[in-house]
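*Asks:* There's a structure below that I have some questions on.
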Amino acid sequence: MANANIIQFKHVTKQYDNDSPVLDDVSFEIERGKFYTLLGPSGCGKTTILRIIAGFTEPTSGEVFFNGKKINQVPANKRQVNTVFQDYALFPHLNVFENVAFGLRIKKLKNAEIQTKVKEALSFVNLSGYEKREISEMSGGQRQRVAIARAIVNEPEVILLDEPLSALDLKLRTEMQYELRELQRRLGITFIFVTHDQEEALAMSDEIFVINKGTIQQSGTPIDIYDEPINRFVADFIGESNIVKGKMIKDYLVEFVGRQFECVDMGFNENEPVEIVIRPEDLEITSLERGKLQVKVDSQLFRGVHYEICGYDIDGNEWLVHSTKKAKVGTEIGLYFDPEAIHVMRLGETEEEFDRRLETYADVDRHGK
Amino acid sequence: MENKLTRNLYKVPYLLWILLFVIIPIALVLYYSFFDIEGHFSLGNYQKFFTPVYLQMTLSSFWYAFLITAISLIIAYPTALLLTKTKHKQLWLLLIIVPSWINLLLKAYAFLGIFGTYGISNSFLKVIGIGQQQILFTDFSFVFVSVYIFIPFMILPIFNSLNELNPTLVDAAKDLGASKWTTFRRVIFPLTIDGVKSGCQVTFIPALSLFMLTRLIAGNRVITLGTAIEQHFLVTQDWGMGSTIAVFLIIIMVLIMLLTNTRKRGV
Ligand SMILES: Nc1ncnc2c1ncn2[C@@H]1O[C@H](COP(=O)(O)OP(=O)(O)O)[C@@H](O)[C@H]1O
Ligand SMILES: [Mg+2]
């Protein structure tokens, strides 16, 4: 068990002065060789987690393990971790070669070996031939690659990347997303990637930690998190969603907008107040009669692949629909959805309680068959 | 049209200043340097400068200026480094800068009292059992007081360049395995070298021509080019020779400025 986990946080709290904690009782495990993403809004504590892993700051309380050993007291320069900083932090007085060679020179490697390794790392990030360039002569995307080369050349067990793509324009960013993911597969080292961009997180990760206000809200694969958001924050943050208040009448039956619907969720108390999530792409435009819900179309935007239609039901709830069909602004339309499209969220449920409830489902399913 | 006129008008005070206080004085100094003590035109002064007496003086000026600069740097760099790490760094910096606002002569006289035969320092030496020493009028006291006077000018530019240094670069060095000392040697110092250069400039150049201190604190034991100029103008009335030394001093200063010229590196 202990060996599959390369990094482990146990009840880590970080507090500056007497402010409210930046990280509040954070526990998680990082498995070797996977691509992890810390996802959350700006100021939620993502960088702080990276800085604690790298050793630039110490946690106020709690324990950090690396390869099963507690490393709270190990200084940054003695850790098997390299960082790609948000602003790249390339040394302006050194050229590209010397920037990449920095870590190797400190390890006092032989010059010939340094030459080979730096060349190799630069070709890994498609920067062969740029050795003699000054950092000031490199573009943003190129600097970012130099920063990655400087990290991978040391062959660390873990690479930390702090919003490395946020300074790039959209096209370059998408390109780099592919390249980074590909790089991680080829190298087979653990990547911990920080971003506030949910699409980026969904596209790249094996595992996502959604963070808000210094606590991990939910962790799981992109699909888990997208399909089964634990609370309103996660549902809202990961992709677009329609969230309305409802009531769980009994297992497999939920009520919202004054009507009862069949659903696939269970394990709630009878008549428990809940929140309902339906993703815009799970809603289908249909005739008024066939629709399970009726909304009045308020606005419509053409988004390229689909239309984004916004309407209101009789209770005044807003409904966002992604559809390839066009609707007419001002008319009433019907919305159809499958029971599977309804996702029911318990109010104020923690991740542990949520996981336990999901497990009971699985049991019921098994017994049911 | 009018815009151009007003722009030129703004330049007038500046140009007037340069003319009155830079160009004319230098021209006058140059002019006087070609006259001997009787008022005849000659190149004799320049010949005289290359005699052992003056060369010796130049050498000793350089030596003391070098000592003062080196010691100031050795004290100022760690101090500036420490300052940037304190919480109220601007306040601490101000406290170090404030003494430099006090007139140089006042400070010199204060040291006369402190270092004098019956001053505090000697009382202290007596208490700890070393006994009374001759402190005033020694090389030590001259260098000590000069360093005291120049240190704020050394600290300020170094502090500024340290303050501008991106702290993530220090994190990056640590991240790549550098110890504290290696980080300093490979990253912090090279990136603040511009501050060090301008600190050395504003210390070394004035230190070359110090003259009041040489008399008050060093008791004329230290003769620098500055002292020589003063002596020629005020005592021997040999304005020609005084000017010649000044011409050389100006040339040396320009050379030092060019040598330590800071090129800005952009990222
Ligand atoms: N050195 C510090 N002193 C005080 N507060 C800090 C310090 N560093 C970070 N913080 C605070 O911690 C919070 C989380 O910061 P950070 O981890 O950088 O967030 P993120 O990377 O998710 O945007 C922020 O509110 C920030 O103001
Ligand atoms: Mg951040």
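Identifiers in this document derive from the order of the structure tokens: chains are assigned A, B, ..., residues are numbered from 1 separately in each chain, and ligands are numbered from 1 in order of occurrence.
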Using only C-alpha atoms, determine which residues lie at most 8 Å from Ile37 in chain B, disregarding the query and same-chain residues fewer than 2 positions distant; provide the list as a list in words.

*Replies:*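 Once the nearby chain positions are removed, what remains is Phe35, Gly39, His40, Gln237, Asp238, Trp239, Gly240 and Met241 of chain B.
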
*Asks:* Counting only C-alpha atoms and all ligand atoms, what residues are within 9 Å of ligand 1, given as a PyMOL selection string?

*Replies:* chain A and resi 14-17+19+21-23+38-51+57+162-163+194-196+211-214

*Asks:* Can you work out the spacing between CA of Gln198 in chain A and CA of Tyr36 in chain A in Å, to one decimal?

*Replies:*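 Distance reported for this atom pair: 13.1 Å.
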
*Asks:* Taking only C-alpha atoms into account and nothing else, which residues of chain A lie no more than 8 Å away from chain B? Please answer as a PyMOL selection string.

*Replies:* chain A and resi 54+56+76-79+81-83+85+89-93+102-103+106-107+135-136+151+154

*Asks:* Using C-alpha atoms, can you write the selected residues to a file as a compact mmCIF listing (two decimals), in the first residue's frame?

*Replies:*
# COMPACT_ATOMS: atom_id res chain seq x y z
CA ALA A 54 8.28 21.27 -2.79
CA PHE A 56 9.22 26.14 0.28
CA ALA A 76 13.57 21.98 -0.50
CA ASN A 77 16.99 21.32 -2.03
CA LYS A 78 17.02 17.79 -0.64
CA ARG A 79 13.64 16.73 -2.07
CA VAL A 81 10.72 16.98 -6.61
CA ASN A 82 11.04 19.65 -9.29
CA THR A 83 8.75 22.55 -9.96
CA PHE A 85 6.76 27.76 -11.68
CA ALA A 89 11.32 31.58 -12.85
CA LEU A 90 14.04 31.09 -15.45
CA PHE A 91 17.39 32.60 -14.52
CA PRO A 92 17.73 35.75 -16.62
CA HIS A 93 21.53 35.84 -16.38
CA PHE A 102 21.60 24.31 -13.44
CA GLY A 103 20.47 21.30 -11.44
CA ILE A 106 24.88 21.38 -8.68
CA LYS A 107 25.00 17.59 -8.67
CA ILE A 135 16.01 33.82 -22.01
CA SER A 136 14.99 37.34 -23.04
CA ALA A 151 12.62 20.24 -14.37
CA ASN A 154 16.90 16.12 -13.13

*Asks:* Which residues, written as a PyMOL selection string, have at least one atom at most 12 Å from Pro152 in chain B, with only C-alpha atoms counted and residues fewer than 4 positions away on the same chain left out?

*Replies:* chain B and resi 69+72-73+75-77+79-80+92-102+146-148+156-159+199-200+202-203

*Asks:* Please list as a VMD selection string every residue within 8 Å of range 259-266 of chain A, counting only C-alpha atoms and excluding residues in the same chain fewer than 5 positions away.

*Replies:* chain A and resid 250 to 254 339 to 340 342 to 344 361

*Asks:* Between A:Asp87, A:Glu58, A:Glu289, A:Glu120, single out the one closest to ligand 2, counting only C-alpha atoms and all ligand atoms.

*Replies:* A:Asp87

*Asks:* Which residues are close to range 128-132 of chain B, i.e. within 12 Å by only C-alpha atoms, leaving aside same-chain residues fewer than 6 positions away? Reply as a PyMOL selection string.

*Replies:* chain B and resi 115-122

*Asks:* Could those selected residues go to a file with all heavy atoms, as a PDB file, in the first residue's frame?

*Replies:*
ATOM      1  N   PHE B 115      37.154  59.220  19.251  1.00  0.00           N
ATOM      2  CA  PHE B 115      38.444  58.534  19.116  1.00  0.00           C
ATOM      3  C   PHE B 115      39.571  59.237  19.872  1.00  0.00           C
ATOM      4  O   PHE B 115      40.674  58.709  19.985  1.00  0.00           O
ATOM      5  CB  PHE B 115      38.837  58.423  17.631  1.00  0.00           C
ATOM      6  CG  PHE B 115      38.112  57.331  16.906  1.00  0.00           C
ATOM      7  CD1 PHE B 115      38.069  57.309  15.516  1.00  0.00           C
ATOM      8  CD2 PHE B 115      37.490  56.308  17.608  1.00  0.00           C
ATOM      9  CE1 PHE B 115      37.407  56.291  14.842  1.00  0.00           C
ATOM     10  CE2 PHE B 115      36.832  55.288  16.947  1.00  0.00           C
ATOM     11  CZ  PHE B 115      36.790  55.288  15.562  1.00  0.00           C
ATOM     12  N   GLY B 116      39.325  60.459  20.382  1.00  0.00           N
ATOM     13  CA  GLY B 116      40.369  61.257  21.023  1.00  0.00           C
ATOM     14  C   GLY B 116      41.001  60.537  22.217  1.00  0.00           C
ATOM     15  O   GLY B 116      40.505  59.518  22.695  1.00  0.00           O
ATOM     16  N   THR B 117      42.116  61.113  22.684  1.00  0.00           N
ATOM     17  CA  THR B 117      42.870  60.496  23.780  1.00  0.00           C
ATOM     18  C   THR B 117      41.972  60.230  24.987  1.00  0.00           C
ATOM     19  O   THR B 117      42.111  59.226  25.664  1.00  0.00           O
ATOM     20  CB  THR B 117      44.018  61.423  24.207  1.00  0.00           C
ATOM     21  OG1 THR B 117      44.589  61.988  23.019  1.00  0.00           O
ATOM     22  CG2 THR B 117      45.084  60.657  24.964  1.00  0.00           C
ATOM     23  N   TYR B 118      41.060  61.200  25.263  1.00  0.00           N
ATOM     24  CA  TYR B 118      40.182  61.015  26.435  1.00  0.00           C
ATOM     25  C   TYR B 118      38.741  60.678  26.023  1.00  0.00           C
ATOM     26  O   TYR B 118      37.811  60.878  26.775  1.00  0.00           O
ATOM     27  CB  TYR B 118      40.227  62.277  27.319  1.00  0.00           C
ATOM     28  CG  TYR B 118      41.649  62.603  27.698  1.00  0.00           C
ATOM     29  CD1 TYR B 118      42.332  63.660  27.107  1.00  0.00           C
ATOM     30  CD2 TYR B 118      42.320  61.805  28.626  1.00  0.00           C
ATOM     31  CE1 TYR B 118      43.643  63.920  27.423  1.00  0.00           C
ATOM     32  CE2 TYR B 118      43.639  62.051  28.941  1.00  0.00           C
ATOM     33  CZ  TYR B 118      44.303  63.113  28.346  1.00  0.00           C
ATOM     34  OH  TYR B 118      45.602  63.353  28.656  1.00  0.00           O
ATOM     35  N   GLY B 119      38.593  60.164  24.813  1.00  0.00           N
ATOM     36  CA  GLY B 119      37.259  59.850  24.283  1.00  0.00           C
ATOM     37  C   GLY B 119      36.701  58.538  24.816  1.00  0.00           C
ATOM     38  O   GLY B 119      37.350  57.815  25.575  1.00  0.00           O
ATOM     39  N   ILE B 120      35.458  58.259  24.371  1.00  0.00           N
ATOM     40  CA  ILE B 120      34.755  57.061  24.860  1.00  0.00           C
ATOM     41  C   ILE B 120      35.510  55.785  24.532  1.00  0.00           C
ATOM     42  O   ILE B 120      35.638  54.890  25.367  1.00  0.00           O
ATOM     43  CB  ILE B 120      33.354  56.959  24.211  1.00  0.00           C
ATOM     44  CG1 ILE B 120      32.536  58.204  24.543  1.00  0.00           C
ATOM     45  CG2 ILE B 120      32.621  55.714  24.686  1.00  0.00           C
ATOM     46  CD1 ILE B 120      31.256  58.296  23.753  1.00  0.00           C
ATOM     47  N   SER B 121      36.027  55.714  23.293  1.00  0.00           N
ATOM     48  CA  SER B 121      36.642  54.453  22.875  1.00  0.00           C
ATOM     49  C   SER B 121      37.846  54.122  23.747  1.00  0.00           C
ATOM     50  O   SER B 121      38.075  52.960  24.082  1.00  0.00           O
ATOM     51  CB  SER B 121      37.029  54.503  21.402  1.00  0.00           C
ATOM     52  OG  SER B 121      37.702  55.697  21.130  1.00  0.00           O
ATOM     53  N   ASN B 122      38.609  55.167  24.116  1.00  0.00           N
ATOM     54  CA  ASN B 122      39.766  54.900  24.971  1.00  0.00           C
ATOM     55  C   ASN B 122      39.350  54.521  26.391  1.00  0.00           C
ATOM     56  O   ASN B 122      39.985  53.654  27.005  1.00  0.00           O
ATOM     57  CB  ASN B 122      40.712  56.098  24.988  1.00  0.00           C
ATOM     58  CG  ASN B 122      41.848  55.877  23.999  1.00  0.00           C
ATOM     59  OD1 ASN B 122      42.274  54.737  23.800  1.00  0.00           O
ATOM     60  ND2 ASN B 122      42.318  56.949  23.395  1.00  0.00           N
TER      61      ASN B 122
END

*Asks:* Enumerate the residues of range 33-242 of chain B with a DSSP assignment of helix (DSSP H, G or I), computed from the backbone, and present them as a PyMOL selection string.

*Replies:* chain B and resi 44-49+52-85+89-101+104-115+120-127+139-164+167-175+180-191+193-208+212-216+225-234+239-242

*Asks:* Can you tell me, as an MDAnalysis selection string, which residues in range 1-105 of chain A count as strand (DSSP E) by DSSP?

*Replies:* chainID A and resid 5:14 23:31 35:39 61:66 69:70 81:84

*Asks:* Those residues with N, CA, C and O atoms, as a CSV table (one decimal), in the first residue's frame please?

*Replies:*
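Okay, this is what ended up in out14.csv:
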chain,number,residue,atom,x,y,z
A,5,ASN,N,1.8,4.8,-3.1
A,5,ASN,CA,1.6,6.2,-2.8
A,5,ASN,C,3.0,6.9,-2.7
A,5,ASN,O,3.8,6.5,-1.9
A,6,ILE,N,3.2,7.9,-3.6
A,6,ILE,CA,4.5,8.6,-3.5
A,6,ILE,C,4.4,9.7,-2.6
A,6,ILE,O,5.3,10.0,-1.9
A,7,ILE,N,3.2,10.4,-2.6
A,7,ILE,CA,3.1,11.5,-1.7
A,7,ILE,C,1.8,11.3,-0.9
A,7,ILE,O,0.8,10.9,-1.4
A,8,GLN,N,1.8,11.7,0.4
A,8,GLN,CA,0.6,11.6,1.2
A,8,GLN,C,0.6,12.8,2.1
A,8,GLN,O,1.6,13.2,2.8
A,9,PHE,N,-0.6,13.4,2.2
A,9,PHE,CA,-0.9,14.5,3.1
A,9,PHE,C,-1.8,13.9,4.2
A,9,PHE,O,-2.8,13.3,3.9
A,10,LYS,N,-1.4,14.2,5.5
A,10,LYS,CA,-2.3,13.7,6.6
A,10,LYS,C,-2.7,14.9,7.4
A,10,LYS,O,-1.8,15.5,8.1
A,11,HIS,N,-3.9,15.3,7.3
A,11,HIS,CA,-4.4,16.4,8.1
A,11,HIS,C,-3.6,17.7,8.1
A,11,HIS,O,-3.2,18.2,9.1
A,12,VAL,N,-3.2,18.1,6.9
A,12,VAL,CA,-2.3,19.2,6.7
A,12,VAL,C,-3.1,20.5,6.8
A,12,VAL,O,-4.1,20.7,6.1
A,13,THR,N,-2.7,21.4,7.7
A,13,THR,CA,-3.3,22.7,7.8
A,13,THR,C,-2.2,23.8,7.7
A,13,THR,O,-1.1,23.6,8.2
A,14,LYS,N,-2.5,24.8,6.9
A,14,LYS,CA,-1.6,25.9,6.8
A,14,LYS,C,-2.3,27.2,7.1
A,14,LYS,O,-3.4,27.5,6.6
A,23,LEU,N,-5.1,26.4,4.1
A,23,LEU,CA,-5.4,25.0,3.9
A,23,LEU,C,-6.0,24.5,5.2
A,23,LEU,O,-5.5,24.7,6.3
A,24,ASP,N,-7.1,23.8,5.1
A,24,ASP,CA,-7.8,23.4,6.4
A,24,ASP,C,-8.0,21.8,6.4
A,24,ASP,O,-8.9,21.3,5.7
A,25,ASP,N,-7.1,21.2,7.1
A,25,ASP,CA,-7.2,19.7,7.3
A,25,ASP,C,-7.3,19.0,6.0
A,25,ASP,O,-8.3,18.3,5.7
A,26,VAL,N,-6.2,19.1,5.2
A,26,VAL,CA,-6.2,18.5,3.9
A,26,VAL,C,-5.5,17.2,4.0
A,26,VAL,O,-4.4,17.1,4.5
A,27,SER,N,-6.2,16.1,3.5
A,27,SER,CA,-5.6,14.8,3.4
A,27,SER,C,-5.8,14.2,2.1
A,27,SER,O,-6.9,14.3,1.5
A,28,PHE,N,-4.7,13.7,1.5
A,28,PHE,CA,-4.9,13.0,0.2
A,28,PHE,C,-3.7,12.1,-0.1
A,28,PHE,O,-2.7,12.2,0.6
A,29,GLU,N,-3.8,11.3,-1.1
A,29,GLU,CA,-2.7,10.4,-1.5
A,29,GLU,C,-2.5,10.6,-3.0
A,29,GLU,O,-3.4,10.7,-3.7
A,30,ILE,N,-1.2,10.6,-3.3
A,30,ILE,CA,-0.8,10.7,-4.7
A,30,ILE,C,-0.1,9.4,-5.1
A,30,ILE,O,0.9,9.0,-4.5
A,31,GLU,N,-0.7,8.7,-6.1
A,31,GLU,CA,0.0,7.5,-6.6
A,31,GLU,C,1.0,7.7,-7.6
A,31,GLU,O,0.9,8.7,-8.4
A,35,PHE,N,-1.2,11.3,-13.6
A,35,PHE,CA,-1.3,12.7,-13.8
A,35,PHE,C,-2.4,13.3,-13.0
A,35,PHE,O,-3.6,13.0,-13.1
A,36,TYR,N,-2.0,14.1,-11.9
A,36,TYR,CA,-3.0,14.6,-11.0
A,36,TYR,C,-3.2,16.1,-11.3
A,36,TYR,O,-2.3,16.8,-11.7
A,37,THR,N,-4.4,16.6,-11.1
A,37,THR,CA,-4.7,18.0,-11.2
A,37,THR,C,-5.3,18.5,-10.0
A,37,THR,O,-6.3,17.9,-9.4
A,38,LEU,N,-4.8,19.7,-9.5
A,38,LEU,CA,-5.5,20.4,-8.4
A,38,LEU,C,-6.2,21.5,-9.1
A,38,LEU,O,-5.7,22.4,-9.8
A,39,LEU,N,-7.6,21.5,-9.0
A,39,LEU,CA,-8.4,22.4,-9.7
A,39,LEU,C,-9.2,23.2,-8.7
A,39,LEU,O,-9.8,22.7,-7.7
A,61,SER,N,0.3,22.5,10.7
A,61,SER,CA,0.2,21.3,11.4
A,61,SER,C,-0.1,20.2,10.4
A,61,SER,O,-0.4,20.5,9.3
A,62,GLY,N,0.0,18.9,10.8
A,62,GLY,CA,-0.2,17.8,9.9
A,62,GLY,C,1.1,17.3,9.3
A,62,GLY,O,2.2,17.8,9.6
A,63,GLU,N,1.0,16.2,8.6
A,63,GLU,CA,2.2,15.5,8.2
A,63,GLU,C,2.2,15.3,6.7
A,63,GLU,O,1.2,15.1,6.1
A,64,VAL,N,3.4,15.4,6.1
A,64,VAL,CA,3.6,15.2,4.7
A,64,VAL,C,4.6,14.0,4.5
A,64,VAL,O,5.6,14.0,5.1
A,65,PHE,N,4.2,13.0,3.7
A,65,PHE,CA,5.0,11.9,3.5
A,65,PHE,C,5.4,11.8,2.1
A,65,PHE,O,4.7,12.1,1.1
A,66,PHE,N,6.7,11.3,1.8
A,66,PHE,CA,7.2,11.1,0.5
A,66,PHE,C,7.8,9.7,0.5
A,66,PHE,O,8.7,9.5,1.3
A,69,LYS,N,8.1,8.2,3.8
A,69,LYS,CA,8.9,8.9,4.9
A,69,LYS,C,8.3,10.2,5.1
A,69,LYS,O,8.0,11.0,4.2
A,70,LYS,N,8.3,10.6,6.4
A,70,LYS,CA,7.8,12.0,6.8
A,70,LYS,C,8.9,13.0,6.3
A,70,LYS,O,10.0,12.8,6.6
A,81,VAL,N,11.9,16.4,-6.0
A,81,VAL,CA,10.7,17.0,-6.6
A,81,VAL,C,11.2,18.2,-7.4
A,81,VAL,O,12.1,18.9,-6.9
A,82,ASN,N,10.7,18.4,-8.6
A,82,ASN,CA,11.0,19.7,-9.3
A,82,ASN,C,9.8,20.4,-9.7
A,82,ASN,O,8.8,19.8,-10.0
A,83,THR,N,9.9,21.7,-9.7
A,83,THR,CA,8.8,22.6,-10.0
A,83,THR,C,8.9,23.3,-11.3
A,83,THR,O,9.9,23.8,-11.6
A,84,VAL,N,7.7,23.4,-12.0
A,84,VAL,CA,7.6,24.4,-13.1
A,84,VAL,C,6.8,25.5,-12.6
A,84,VAL,O,5.6,25.3,-12.3

*Asks:* List the spatial neighbours of range 172-184 of chain A as a list in words - criterion: any atom at most 9 Å away, only C-alpha atoms, same-chain residues fewer than 2 positions off excluded.

*Replies:*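 Answer for this query is Gly33, Lys34, Phe35, Phe124, Val125, Gly141, Leu165, Ser166, Ala167, Leu168, Asp169, Leu170, Arg186, Leu187, Gly188, Ile189, Thr190, Phe191, Glu200, Ala203, Met204 and Ser205 of chain A.
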
*Asks:* Extract, using only C-alpha atoms, all DNA, RNA and protein residues at most 9 Å from Val277 in chain A, discarding same-chain residues fewer than 2 positions from it, and format them as a list in words.

*Replies:*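 Near neighbours after the sequence-gap exclusion: Pro229, Arg232, Ala235, Ser241, Asn242, Ile243, Val244, Glu275, Arg279, Ala341, Ile342, His343, Val344 and Met345 of chain A.
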
*Asks:* Filtering to C-alpha atoms, could you give me those residues as an mmCIF file, in the first residue's frame?

*Replies:*
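File produced: again.cif:
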data_model
loop_
_atom_site.group_PDB
_atom_site.id
_atom_site.type_symbol
_atom_site.label_atom_id
_atom_site.label_comp_id
_atom_site.auth_asym_id
_atom_site.auth_seq_id
_atom_site.Cartn_x
_atom_site.Cartn_y
_atom_site.Cartn_z
ATOM 1 C CA PRO A 229 -20.550 16.143 -8.514
ATOM 2 C CA ARG A 232 -23.299 22.709 -5.748
ATOM 3 C CA ALA A 235 -21.285 20.977 -10.095
ATOM 4 C CA SER A 241 -25.034 22.868 -15.014
ATOM 5 C CA ASN A 242 -28.642 23.506 -14.119
ATOM 6 C CA ILE A 243 -29.045 23.341 -10.352
ATOM 7 C CA VAL A 244 -32.529 23.488 -8.765
ATOM 8 C CA GLU A 275 -30.397 19.801 -4.908
ATOM 9 C CA ARG A 279 -26.212 19.025 -17.405
ATOM 10 C CA ALA A 341 -29.583 12.555 -16.385
ATOM 11 C CA ILE A 342 -30.907 13.584 -12.967
ATOM 12 C CA HIS A 343 -28.171 13.835 -10.388
ATOM 13 C CA VAL A 344 -29.362 14.298 -6.786
ATOM 14 C CA MET A 345 -27.064 16.004 -4.259
#

*Asks:* Kindly indicate which residue among A:Leu161, A:Tyr307, A:Leu347, A:Pro156 lies nearest to ligand 2, using only C-alpha atoms and all ligand atoms for the distances.

*Replies:*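 Closest residue, counting only C-alpha atoms and all ligand atoms: A:Leu161.
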
*Asks:* Taking only C-alpha atoms and all ligand atoms into account, which of A:Gln86, A:Asn269, A:Gln73, A:Ser287 comes nearest ligand 2?

*Replies:*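 The answer is A:Gln86, which sits nearest to ligand 2.
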